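One file, my_file34.cif, carrying mmCIF, C-alpha atoms and all ligand atoms:
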```cif
data_entry
#
loop_
_atom_site.label_atom_id
_atom_site.label_comp_id
_atom_site.auth_asym_id
_atom_site.auth_seq_id
_atom_site.Cartn_x
_atom_site.Cartn_y
_atom_site.Cartn_z
CA MET S 150 -9.97 8.77 -153.83
CA LEU S 151 -10.03 5.18 -155.12
CA CYS S 152 -12.96 2.84 -154.85
CA ILE S 153 -12.67 -0.64 -156.35
CA THR S 154 -15.86 -2.69 -156.32
CA ASP S 155 -16.12 -6.38 -157.28
CA LEU S 156 -13.31 -6.12 -159.77
CA PHE S 157 -12.56 -9.00 -162.10
CA ALA S 158 -9.68 -8.75 -164.54
CA ARG S 159 -7.82 -10.98 -166.92
CA VAL S 160 -4.46 -11.22 -168.57
CA GLU S 161 -4.07 -13.29 -171.72
CA ASP S 162 -7.48 -14.96 -171.26
CA LYS S 163 -6.62 -15.95 -167.71
CA GLU S 164 -8.78 -14.56 -164.93
CA ILE S 165 -6.40 -13.21 -162.30
CA ILE S 166 -8.41 -10.68 -160.27
CA LYS S 167 -11.56 -12.32 -158.99
CA GLY S 168 -13.91 -10.09 -157.07
CA LEU S 169 -11.57 -7.57 -155.48
CA ASN S 170 -12.81 -4.74 -153.25
CA LEU S 171 -10.65 -1.93 -151.94
CA THR S 172 -11.35 1.64 -150.85
CA ILE S 173 -8.61 4.19 -150.33
CA LYS S 174 -9.21 7.61 -148.83
CA PRO S 175 -6.99 10.65 -149.32
CA GLY S 176 -3.88 10.57 -147.16
CA GLU S 177 -3.92 6.83 -146.51
CA VAL S 178 -1.11 4.36 -147.06
CA HIS S 179 -2.24 0.82 -147.88
CA ALA S 180 0.24 -2.04 -148.00
CA ILE S 181 -0.63 -5.04 -150.15
CA MET S 182 1.13 -8.29 -149.39
CA GLY S 183 0.45 -11.82 -150.57
CA PRO S 184 1.95 -14.91 -152.17
CA ASN S 185 3.73 -14.90 -155.53
CA GLY S 186 1.33 -14.96 -158.44
CA ALA S 187 -1.61 -13.72 -156.34
CA GLY S 188 -2.31 -10.85 -158.73
CA LYS S 189 -0.67 -7.90 -156.98
CA SER S 190 1.21 -6.62 -160.03
CA THR S 191 -1.80 -7.39 -162.21
CA LEU S 192 -3.89 -5.11 -160.00
CA GLY S 193 -1.39 -2.26 -160.44
CA ASN S 194 -1.29 -2.84 -164.18
CA VAL S 195 -5.09 -2.90 -164.49
CA LEU S 196 -5.34 0.34 -162.50
CA SER S 197 -2.68 2.11 -164.54
CA GLY S 198 -4.24 0.91 -167.81
CA ARG S 199 -1.38 -1.16 -169.14
CA ASP S 200 -1.95 -2.93 -172.47
CA GLY S 201 -3.14 -6.50 -172.21
CA TYR S 202 -4.69 -6.14 -168.76
CA GLU S 203 -8.44 -6.14 -169.12
CA ALA S 204 -11.08 -5.51 -166.49
CA THR S 205 -14.04 -7.78 -167.21
CA ALA S 206 -16.42 -6.82 -164.41
CA GLY S 207 -16.72 -4.42 -161.50
CA THR S 208 -16.09 -0.71 -161.17
CA VAL S 209 -13.19 1.52 -160.22
CA SER S 210 -13.69 5.17 -159.47
CA PHE S 211 -10.71 7.46 -159.09
CA ASN S 212 -11.23 11.01 -157.85
CA GLY S 213 -14.90 10.55 -158.64
CA LYS S 214 -14.30 9.53 -162.25
CA ASP S 215 -14.79 6.15 -163.86
CA LEU S 216 -11.18 4.99 -164.20
CA PHE S 217 -11.95 2.74 -167.16
CA GLU S 218 -13.19 5.71 -169.16
CA LEU S 219 -9.67 7.16 -169.04
CA ASP S 220 -6.77 5.98 -171.20
CA ILE S 221 -3.32 5.37 -169.77
CA GLU S 222 -2.07 8.95 -170.29
CA GLU S 223 -5.29 10.44 -168.92
CA ARG S 224 -4.95 8.33 -165.78
CA ALA S 225 -1.42 9.62 -165.28
CA ARG S 226 -2.54 13.22 -165.79
CA GLU S 227 -5.36 12.66 -163.29
CA GLY S 228 -2.67 11.82 -160.76
CA LEU S 229 -2.19 8.06 -160.87
CA PHE S 230 1.41 6.89 -160.69
CA LEU S 231 2.67 3.34 -160.98
CA ALA S 232 6.29 2.66 -160.17
CA PHE S 233 7.10 -0.50 -162.04
CA GLN S 234 8.50 -3.60 -160.50
CA TYR S 235 10.93 -3.80 -163.42
CA PRO S 236 11.34 -0.26 -164.73
CA VAL S 237 11.71 -0.02 -168.48
CA GLU S 238 14.73 1.41 -170.24
CA ILE S 239 14.13 4.02 -172.94
CA PRO S 240 17.48 4.39 -174.71
CA GLY S 241 17.95 7.62 -176.64
CA VAL S 242 15.49 9.61 -174.53
CA SER S 243 17.18 11.38 -171.65
CA ASN S 244 15.73 11.02 -168.22
CA MET S 245 15.26 14.78 -168.13
CA GLU S 246 13.40 15.01 -171.45
CA PHE S 247 11.16 12.17 -170.38
CA LEU S 248 10.38 13.74 -167.03
CA LYS S 249 9.82 17.22 -168.38
CA ALA S 250 7.38 15.92 -170.99
CA ALA S 251 5.46 14.03 -168.30
CA VAL S 252 5.40 17.00 -165.92
CA ASP S 253 4.33 19.41 -168.69
CA ALA S 254 1.55 17.08 -169.86
CA LYS S 255 0.19 16.98 -166.34
CA ARG S 256 0.49 20.76 -165.92
CA LYS S 257 -1.31 21.36 -169.20
CA HIS S 258 -4.12 19.05 -168.07
CA HIS S 259 -4.51 21.19 -164.96
CA GLY S 260 -4.40 24.48 -166.90
CA GLN S 261 -0.87 25.42 -165.85
CA PRO S 262 1.80 26.74 -168.24
CA GLU S 263 4.71 24.64 -169.45
CA LEU S 264 7.85 24.97 -167.32
CA SER S 265 10.91 26.64 -168.79
CA ALA S 266 13.97 24.42 -169.14
CA ILE S 267 15.62 26.37 -166.34
CA GLU S 268 12.68 26.03 -163.95
CA PHE S 269 12.44 22.33 -164.62
CA MET S 270 16.17 21.80 -164.21
CA LYS S 271 16.02 23.46 -160.81
CA MET S 272 13.19 21.19 -159.68
CA ALA S 273 14.90 18.11 -161.07
CA ARG S 274 18.19 18.94 -159.34
CA GLU S 275 16.44 19.33 -156.01
CA ALA S 276 14.61 16.04 -156.45
CA SER S 277 17.79 14.20 -157.45
CA LYS S 278 19.51 15.49 -154.32
CA ARG S 279 16.68 14.29 -152.14
CA VAL S 280 17.05 10.73 -153.46
CA ASN S 281 20.89 10.86 -153.46
CA LEU S 282 21.04 10.37 -157.21
CA ASP S 283 23.90 12.10 -158.98
CA GLN S 284 22.72 14.84 -161.35
CA ALA S 285 24.48 13.00 -164.18
CA PHE S 286 21.51 10.62 -164.15
CA LEU S 287 19.26 13.39 -165.43
CA LYS S 288 21.22 13.43 -168.69
CA ARG S 289 21.38 9.69 -169.19
CA GLY S 290 18.85 7.64 -171.17
CA VAL S 291 15.80 6.66 -169.09
CA ASN S 292 17.00 3.82 -166.86
CA GLU S 293 19.77 3.01 -169.36
CA GLY S 294 22.42 1.06 -167.51
CA PHE S 295 21.04 2.08 -164.12
CA SER S 296 21.68 -0.37 -161.32
CA GLY S 297 18.66 -1.77 -159.45
CA GLY S 298 19.09 0.75 -156.65
CA GLU S 299 19.52 3.65 -159.08
CA LYS S 300 16.31 2.69 -160.92
CA LYS S 301 14.38 2.71 -157.67
CA ARG S 302 15.81 6.07 -156.63
CA ASN S 303 14.92 7.32 -160.10
CA GLU S 304 11.32 6.11 -159.65
CA ILE S 305 11.05 8.04 -156.41
CA MET S 306 12.50 11.10 -158.13
CA GLN S 307 9.87 10.73 -160.90
CA MET S 308 7.20 10.54 -158.25
CA MET S 309 8.49 13.69 -156.54
CA LEU S 310 8.41 15.63 -159.78
CA LEU S 311 5.02 14.36 -160.94
CA GLU S 312 3.33 14.89 -157.56
CA PRO S 313 0.70 12.21 -158.16
CA SER S 314 -2.36 11.91 -155.94
CA LEU S 315 -2.24 8.10 -155.87
CA CYS S 316 1.15 6.37 -155.98
CA ILE S 317 1.36 2.64 -156.54
CA LEU S 318 4.74 1.22 -155.61
CA ASP S 319 5.14 -2.35 -156.79
CA GLU S 320 7.92 -4.13 -154.94
CA THR S 321 9.93 -0.97 -154.81
CA ASP S 322 12.01 -2.69 -152.14
CA SER S 323 13.04 -5.80 -154.05
CA GLY S 324 16.78 -6.01 -154.41
CA LEU S 325 17.50 -2.84 -152.47
CA ASP S 326 20.28 -2.50 -149.94
CA ILE S 327 19.46 -0.85 -146.63
CA ASP S 328 20.72 2.58 -147.70
CA ALA S 329 18.64 2.62 -150.87
CA LEU S 330 15.65 1.29 -148.96
CA GLN S 331 15.90 4.17 -146.52
CA VAL S 332 16.18 6.69 -149.36
CA VAL S 333 13.06 5.25 -150.96
CA ALA S 334 11.19 5.19 -147.66
CA SER S 335 12.17 8.71 -146.67
CA GLY S 336 11.20 9.93 -150.16
CA VAL S 337 7.78 8.35 -149.75
CA ASN S 338 7.41 9.64 -146.21
CA ALA S 339 8.34 13.16 -147.29
CA MET S 340 5.55 12.97 -149.87
CA ARG S 341 2.89 11.73 -147.50
CA SER S 342 0.19 14.35 -147.15
CA PRO S 343 -3.52 14.54 -146.34
CA GLU S 344 -4.27 14.70 -150.09
CA ARG S 345 -1.97 11.96 -151.35
CA SER S 346 -2.45 8.20 -151.01
CA PHE S 347 -0.16 5.24 -151.53
CA ILE S 348 -0.50 1.58 -152.37
CA VAL S 349 2.72 -0.17 -151.40
CA VAL S 350 3.07 -3.71 -152.73
CA THR S 351 5.75 -5.58 -150.86
CA HIS S 352 6.89 -9.07 -149.95
CA TYR S 353 8.80 -7.93 -146.92
CA GLN S 354 7.66 -6.59 -143.61
CA ARG S 355 11.02 -4.75 -143.47
CA LEU S 356 9.89 -1.93 -145.80
CA LEU S 357 6.90 -1.31 -143.55
CA ASP S 358 9.21 -0.51 -140.63
CA TYR S 359 10.13 2.58 -142.62
CA ILE S 360 6.91 3.30 -144.48
CA VAL S 361 4.33 2.71 -141.78
CA PRO S 362 1.00 1.81 -143.43
CA ASP S 363 -2.48 2.66 -142.20
CA TYR S 364 -3.77 -0.68 -143.49
CA VAL S 365 -2.24 -3.98 -144.53
CA HIS S 366 -4.15 -6.19 -146.96
CA VAL S 367 -3.45 -9.72 -148.07
CA LEU S 368 -4.17 -10.41 -151.71
CA ALA S 369 -4.54 -14.12 -152.46
CA ASN S 370 -6.24 -15.84 -155.38
CA GLY S 371 -7.19 -12.52 -156.90
CA ARG S 372 -9.05 -11.11 -153.90
CA ILE S 373 -8.33 -9.27 -150.68
CA VAL S 374 -8.67 -12.06 -148.12
CA LYS S 375 -7.62 -10.20 -145.00
CA THR S 376 -7.21 -6.61 -143.87
CA GLY S 377 -5.57 -5.34 -140.72
CA GLY S 378 -3.30 -2.70 -139.31
CA LYS S 379 0.48 -2.63 -139.51
CA GLU S 380 0.71 -5.49 -137.00
CA LEU S 381 -0.75 -7.82 -139.64
CA ALA S 382 2.53 -7.54 -141.58
CA LEU S 383 4.42 -8.92 -138.58
CA GLU S 384 1.94 -11.76 -138.22
CA LEU S 385 2.38 -12.62 -141.91
CA GLU S 386 6.14 -12.60 -141.59
CA GLU S 387 5.81 -15.12 -138.80
CA LYS S 388 3.04 -17.36 -140.12
CA GLY S 389 3.25 -17.00 -143.91
CA TYR S 390 0.13 -17.00 -146.07
CA SER S 391 -1.12 -20.59 -146.15
CA TRP S 392 -3.47 -20.18 -143.16
CA LEU S 393 -5.20 -17.32 -144.96
CA GLU S 394 -5.58 -19.03 -148.31
CA THR S 395 -7.29 -21.93 -146.60
CA GLU S 396 -9.54 -19.50 -144.79
CA ALA S 397 -10.41 -17.80 -148.08
CA VAL S 398 -11.66 -20.91 -149.87
P1 LIG L 1 2.10 -11.07 -158.08
O1 LIG L 1 2.51 -9.70 -158.45
O2 LIG L 1 1.09 -11.12 -157.00
O3 LIG L 1 3.26 -11.96 -157.79
P2 LIG L 1 1.14 -11.15 -160.80
O4 LIG L 1 0.03 -10.20 -160.81
O5 LIG L 1 2.44 -10.72 -161.36
O6 LIG L 1 1.34 -11.72 -159.32
O7 LIG L 1 0.70 -12.45 -161.58
C1 LIG L 1 -0.55 -13.11 -161.35
C2 LIG L 1 -0.72 -14.20 -162.39
O8 LIG L 1 -0.95 -13.58 -163.66
C3 LIG L 1 0.47 -15.12 -162.56
O9 LIG L 1 -0.02 -16.41 -162.75
C4 LIG L 1 1.12 -14.57 -163.80
O10 LIG L 1 1.81 -15.59 -164.48
C5 LIG L 1 -0.05 -14.06 -164.60
N1 LIG L 1 0.35 -12.95 -165.48
C6 LIG L 1 0.64 -11.69 -165.08
N2 LIG L 1 0.97 -10.92 -166.13
C7 LIG L 1 0.89 -11.73 -167.22
C8 LIG L 1 1.12 -11.54 -168.62
N3 LIG L 1 1.50 -10.36 -169.11
N4 LIG L 1 0.94 -12.60 -169.44
C9 LIG L 1 0.54 -13.80 -168.94
N5 LIG L 1 0.32 -14.03 -167.65
C10 LIG L 1 0.49 -13.04 -166.80
MG MG L 2 5.69 -11.41 -157.97
MG MG L 3 4.25 -8.75 -158.60
#
```
Show this structure as structure tokens.
Amino acid sequence: MLCITDLFARVEDKEIIKGLNLTIKPGEVHAIMGPNGAGKSTLGNVLSGRDGYEATAGTVSFNGKDLFELDIEERAREGLFLAFQYPVEIPGVSNMEFLKAAVDAKRKHHGQPELSAIEFMKMAREASKRVNLDQAFLKRGVNEGFSGGEKKRNEIMQMMLLEPSLCILDETDSGLDIDALQVVASGVNAMRSPERSFIVVTHYQRLLDYIVPDYVHVLANGRIVKTGGKELALELEEKGYSWLETEAV
């Protein structure tokens, strides 16, 4: 599904990703942990094609296509989804309009007809129920005045409606109370399937009690310096990262 080979990438003339390799097969959940400033969010931004994040060397193939040949919208239509660490507000555009446009663009790309307003509303209502988000949020501006927990639930709802093949969740757990965390985790777990993969970036082992990963990677100094199973997250919680960074040099 995703194959990253010797990736180097920079932000604002600063090299942040320095020789990163990662392969993700369909159905797998990969957790990425690592110290602050290691490049975890940069990796997500480079993959999703965000402005200002430039790959300088290496290759990334996504569903057999060269990811860097696709622009940001094409990547989304191909099934890449990045839930932002700090979701943006889009005042004046209702959450529902925004979501319907995104869902229709993806359907069109796959040769499916646009949804009627009624069909979409039905899907959106079901998704909002599954994340315990009041239906009133569908009518509000995208993320406008949403609390931290509401934004995260909204991200999971977006993900449910867009049905991406690769979901990148960047610190989806930061600032969440236990109830919201469980909603997010059960939303992700409900979406796990043999065709869909996840990259879960997190600082806390806690989230991985709920979303049990197939692999845990440590990203430090712009590279994956260690890979293990879910038990690695527990080891990291206990020992921190310094032993690994030393090992990596
Ligand atoms: P992490 O998510 O692992 O905490 P980031 O990928 O956010 O780390 O950041 C890695 C480094 O890249 C940091 O030194 C950060 O300051 C820098 N960086 C990230 N985005 C930008 C940006 N838009 N402009 C300038 N520097 C950036
Ligand atoms: Mg950070
Ligand atoms: Mg980050």
Practice problem: Quick one: pull the distance between atom CA of Leu287 of chain S and atom CA of Val349 of chain S, Å, one decimal. | Solution: 25.6 Å
Quiz prompt | Residue nearest Val367 of chain S - candidates S:Val350, S:Val242, S:Leu156, S:Leu310, atoms counted: all atoms listed in the file | solution = S:Val350
Exercise. Take atom CA of Ile239 of chain S and atom CA of Arg274 of chain S and report the distance between them in Å, one decimal.
Key: 20.6 Å
Spatial neighbours of Gly371 of chain S, max dist 12 Å, all atoms listed in the file, sep filter under 2 positions, as a short mmCIF file (atom, residue, chain, number, x, y, z; two decimals) with C-alpha atoms, in the frame of the given file:
```
data_model
loop_
_atom_site.label_atom_id
_atom_site.label_comp_id
_atom_site.auth_asym_id
_atom_site.auth_seq_id
_atom_site.Cartn_x
_atom_site.Cartn_y
_atom_site.Cartn_z
CA ASP S 155 -16.12 -6.38 -157.28
CA LEU S 156 -13.31 -6.12 -159.77
CA PHE S 157 -12.56 -9.00 -162.10
CA ALA S 158 -9.68 -8.75 -164.54
CA ARG S 159 -7.82 -10.98 -166.92
CA LYS S 163 -6.62 -15.95 -167.71
CA GLU S 164 -8.78 -14.56 -164.93
CA ILE S 165 -6.40 -13.21 -162.30
CA ILE S 166 -8.41 -10.68 -160.27
CA LYS S 167 -11.56 -12.32 -158.99
CA GLY S 168 -13.91 -10.09 -157.07
CA LEU S 169 -11.57 -7.57 -155.48
CA ASN S 170 -12.81 -4.74 -153.25
CA MET S 182 1.13 -8.29 -149.39
CA GLY S 183 0.45 -11.82 -150.57
CA PRO S 184 1.95 -14.91 -152.17
CA ASN S 185 3.73 -14.90 -155.53
CA GLY S 186 1.33 -14.96 -158.44
CA ALA S 187 -1.61 -13.72 -156.34
CA GLY S 188 -2.31 -10.85 -158.73
CA LYS S 189 -0.67 -7.90 -156.98
CA SER S 190 1.21 -6.62 -160.03
CA THR S 191 -1.80 -7.39 -162.21
CA LEU S 192 -3.89 -5.11 -160.00
CA VAL S 367 -3.45 -9.72 -148.07
CA LEU S 368 -4.17 -10.41 -151.71
CA ALA S 369 -4.54 -14.12 -152.46
CA ILE S 373 -8.33 -9.27 -150.68
CA VAL S 374 -8.67 -12.06 -148.12
CA GLU S 394 -5.58 -19.03 -148.31
CA ALA S 397 -10.41 -17.80 -148.08
CA VAL S 398 -11.66 -20.91 -149.87
#
```
Practice problem: Give the answer as one residue: which of S:Asp253, S:Asp319, S:Glu238, S:Glu387 has the shortest atom-to-atom distance to ligand MG 2 (chain L), using all atoms listed in the file? | Solution: S:Asp319
Self-check item: Atomic separation - atom P1 of ligand LIG 1 (chain L) relative to atom CA of Ser346 of chain S, Å
Solution: 21.0 Å
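Those residues that approach Tyr353 of chain S to within 10 Å, counting all atoms listed in the file, are Met182, Gly183, Glu320, Asp322, Ser323, Leu357, Asp358, Ala382, Leu383, Leu385 and Glu386 of chain S; same-chain residues fewer than 4 positions away are not listed.
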Complete the atom set of segment 276-306 of chain S to N, CA and C atoms and return it as a compact mmCIF listing (two decimals), in the coordinates of the input.
```txt
# COMPACT_ATOMS: atom_id res chain seq x y z
N ALA S 276 15.15 17.39 -156.65
CA ALA S 276 14.61 16.04 -156.45
C ALA S 276 15.75 15.00 -156.47
N SER S 277 16.71 15.18 -157.38
CA SER S 277 17.79 14.20 -157.45
C SER S 277 18.62 14.23 -156.17
N LYS S 278 18.78 15.40 -155.60
CA LYS S 278 19.51 15.49 -154.32
C LYS S 278 18.77 14.75 -153.22
N ARG S 279 17.45 14.92 -153.22
CA ARG S 279 16.68 14.29 -152.14
C ARG S 279 16.73 12.77 -152.19
N VAL S 280 16.95 12.20 -153.38
CA VAL S 280 17.05 10.73 -153.46
C VAL S 280 18.51 10.27 -153.59
N ASN S 281 19.46 11.19 -153.35
CA ASN S 281 20.89 10.86 -153.46
C ASN S 281 21.25 10.27 -154.82
N LEU S 282 20.71 10.84 -155.86
CA LEU S 282 21.04 10.37 -157.21
C LEU S 282 21.87 11.48 -157.85
N ASP S 283 23.03 11.10 -158.37
CA ASP S 283 23.90 12.10 -158.98
C ASP S 283 23.18 12.79 -160.14
N GLN S 284 23.41 14.09 -160.28
CA GLN S 284 22.72 14.84 -161.35
C GLN S 284 23.02 14.32 -162.75
N ALA S 285 24.14 13.59 -162.88
CA ALA S 285 24.48 13.00 -164.18
C ALA S 285 23.36 12.09 -164.68
N PHE S 286 22.58 11.53 -163.75
CA PHE S 286 21.51 10.62 -164.15
C PHE S 286 20.39 11.33 -164.90
N LEU S 287 20.29 12.63 -164.72
CA LEU S 287 19.26 13.39 -165.43
C LEU S 287 19.55 13.41 -166.93
N LYS S 288 20.83 13.34 -167.28
CA LYS S 288 21.22 13.43 -168.69
C LYS S 288 21.25 12.07 -169.38
N ARG S 289 21.31 11.01 -168.58
CA ARG S 289 21.38 9.69 -169.19
C ARG S 289 20.04 9.22 -169.73
N GLY S 290 20.08 8.21 -170.64
CA GLY S 290 18.85 7.64 -171.17
C GLY S 290 18.02 7.09 -170.02
N VAL S 291 16.69 7.11 -170.15
CA VAL S 291 15.80 6.66 -169.09
C VAL S 291 16.18 5.24 -168.66
N ASN S 292 16.65 5.12 -167.45
CA ASN S 292 17.00 3.82 -166.86
C ASN S 292 18.12 3.07 -167.57
N GLU S 293 18.76 3.70 -168.57
CA GLU S 293 19.77 3.01 -169.36
C GLU S 293 21.01 2.73 -168.52
N GLY S 294 21.25 1.46 -168.28
CA GLY S 294 22.42 1.06 -167.51
C GLY S 294 22.35 1.45 -166.05
N PHE S 295 21.17 1.77 -165.55
CA PHE S 295 21.04 2.08 -164.12
C PHE S 295 21.11 0.77 -163.34
N SER S 296 21.72 0.81 -162.18
CA SER S 296 21.68 -0.37 -161.32
C SER S 296 20.28 -0.45 -160.71
N GLY S 297 19.98 -1.60 -160.07
CA GLY S 297 18.66 -1.77 -159.45
C GLY S 297 18.34 -0.63 -158.49
N GLY S 298 19.31 -0.30 -157.64
CA GLY S 298 19.09 0.75 -156.65
C GLY S 298 18.89 2.11 -157.30
N GLU S 299 19.65 2.37 -158.37
CA GLU S 299 19.52 3.65 -159.08
C GLU S 299 18.15 3.77 -159.76
N LYS S 300 17.65 2.65 -160.30
CA LYS S 300 16.31 2.69 -160.92
C LYS S 300 15.25 3.03 -159.89
N LYS S 301 15.38 2.46 -158.72
CA LYS S 301 14.38 2.71 -157.67
C LYS S 301 14.44 4.17 -157.20
N ARG S 302 15.67 4.67 -157.03
CA ARG S 302 15.81 6.07 -156.63
C ARG S 302 15.22 6.98 -157.72
N ASN S 303 15.45 6.56 -158.96
CA ASN S 303 14.92 7.32 -160.10
C ASN S 303 13.39 7.33 -160.09
N GLU S 304 12.79 6.19 -159.74
CA GLU S 304 11.32 6.11 -159.65
C GLU S 304 10.80 7.09 -158.61
N ILE S 305 11.49 7.13 -157.47
CA ILE S 305 11.05 8.04 -156.41
C ILE S 305 11.22 9.49 -156.86
N MET S 306 12.29 9.74 -157.60
CA MET S 306 12.50 11.10 -158.13
C MET S 306 11.36 11.46 -159.11
```
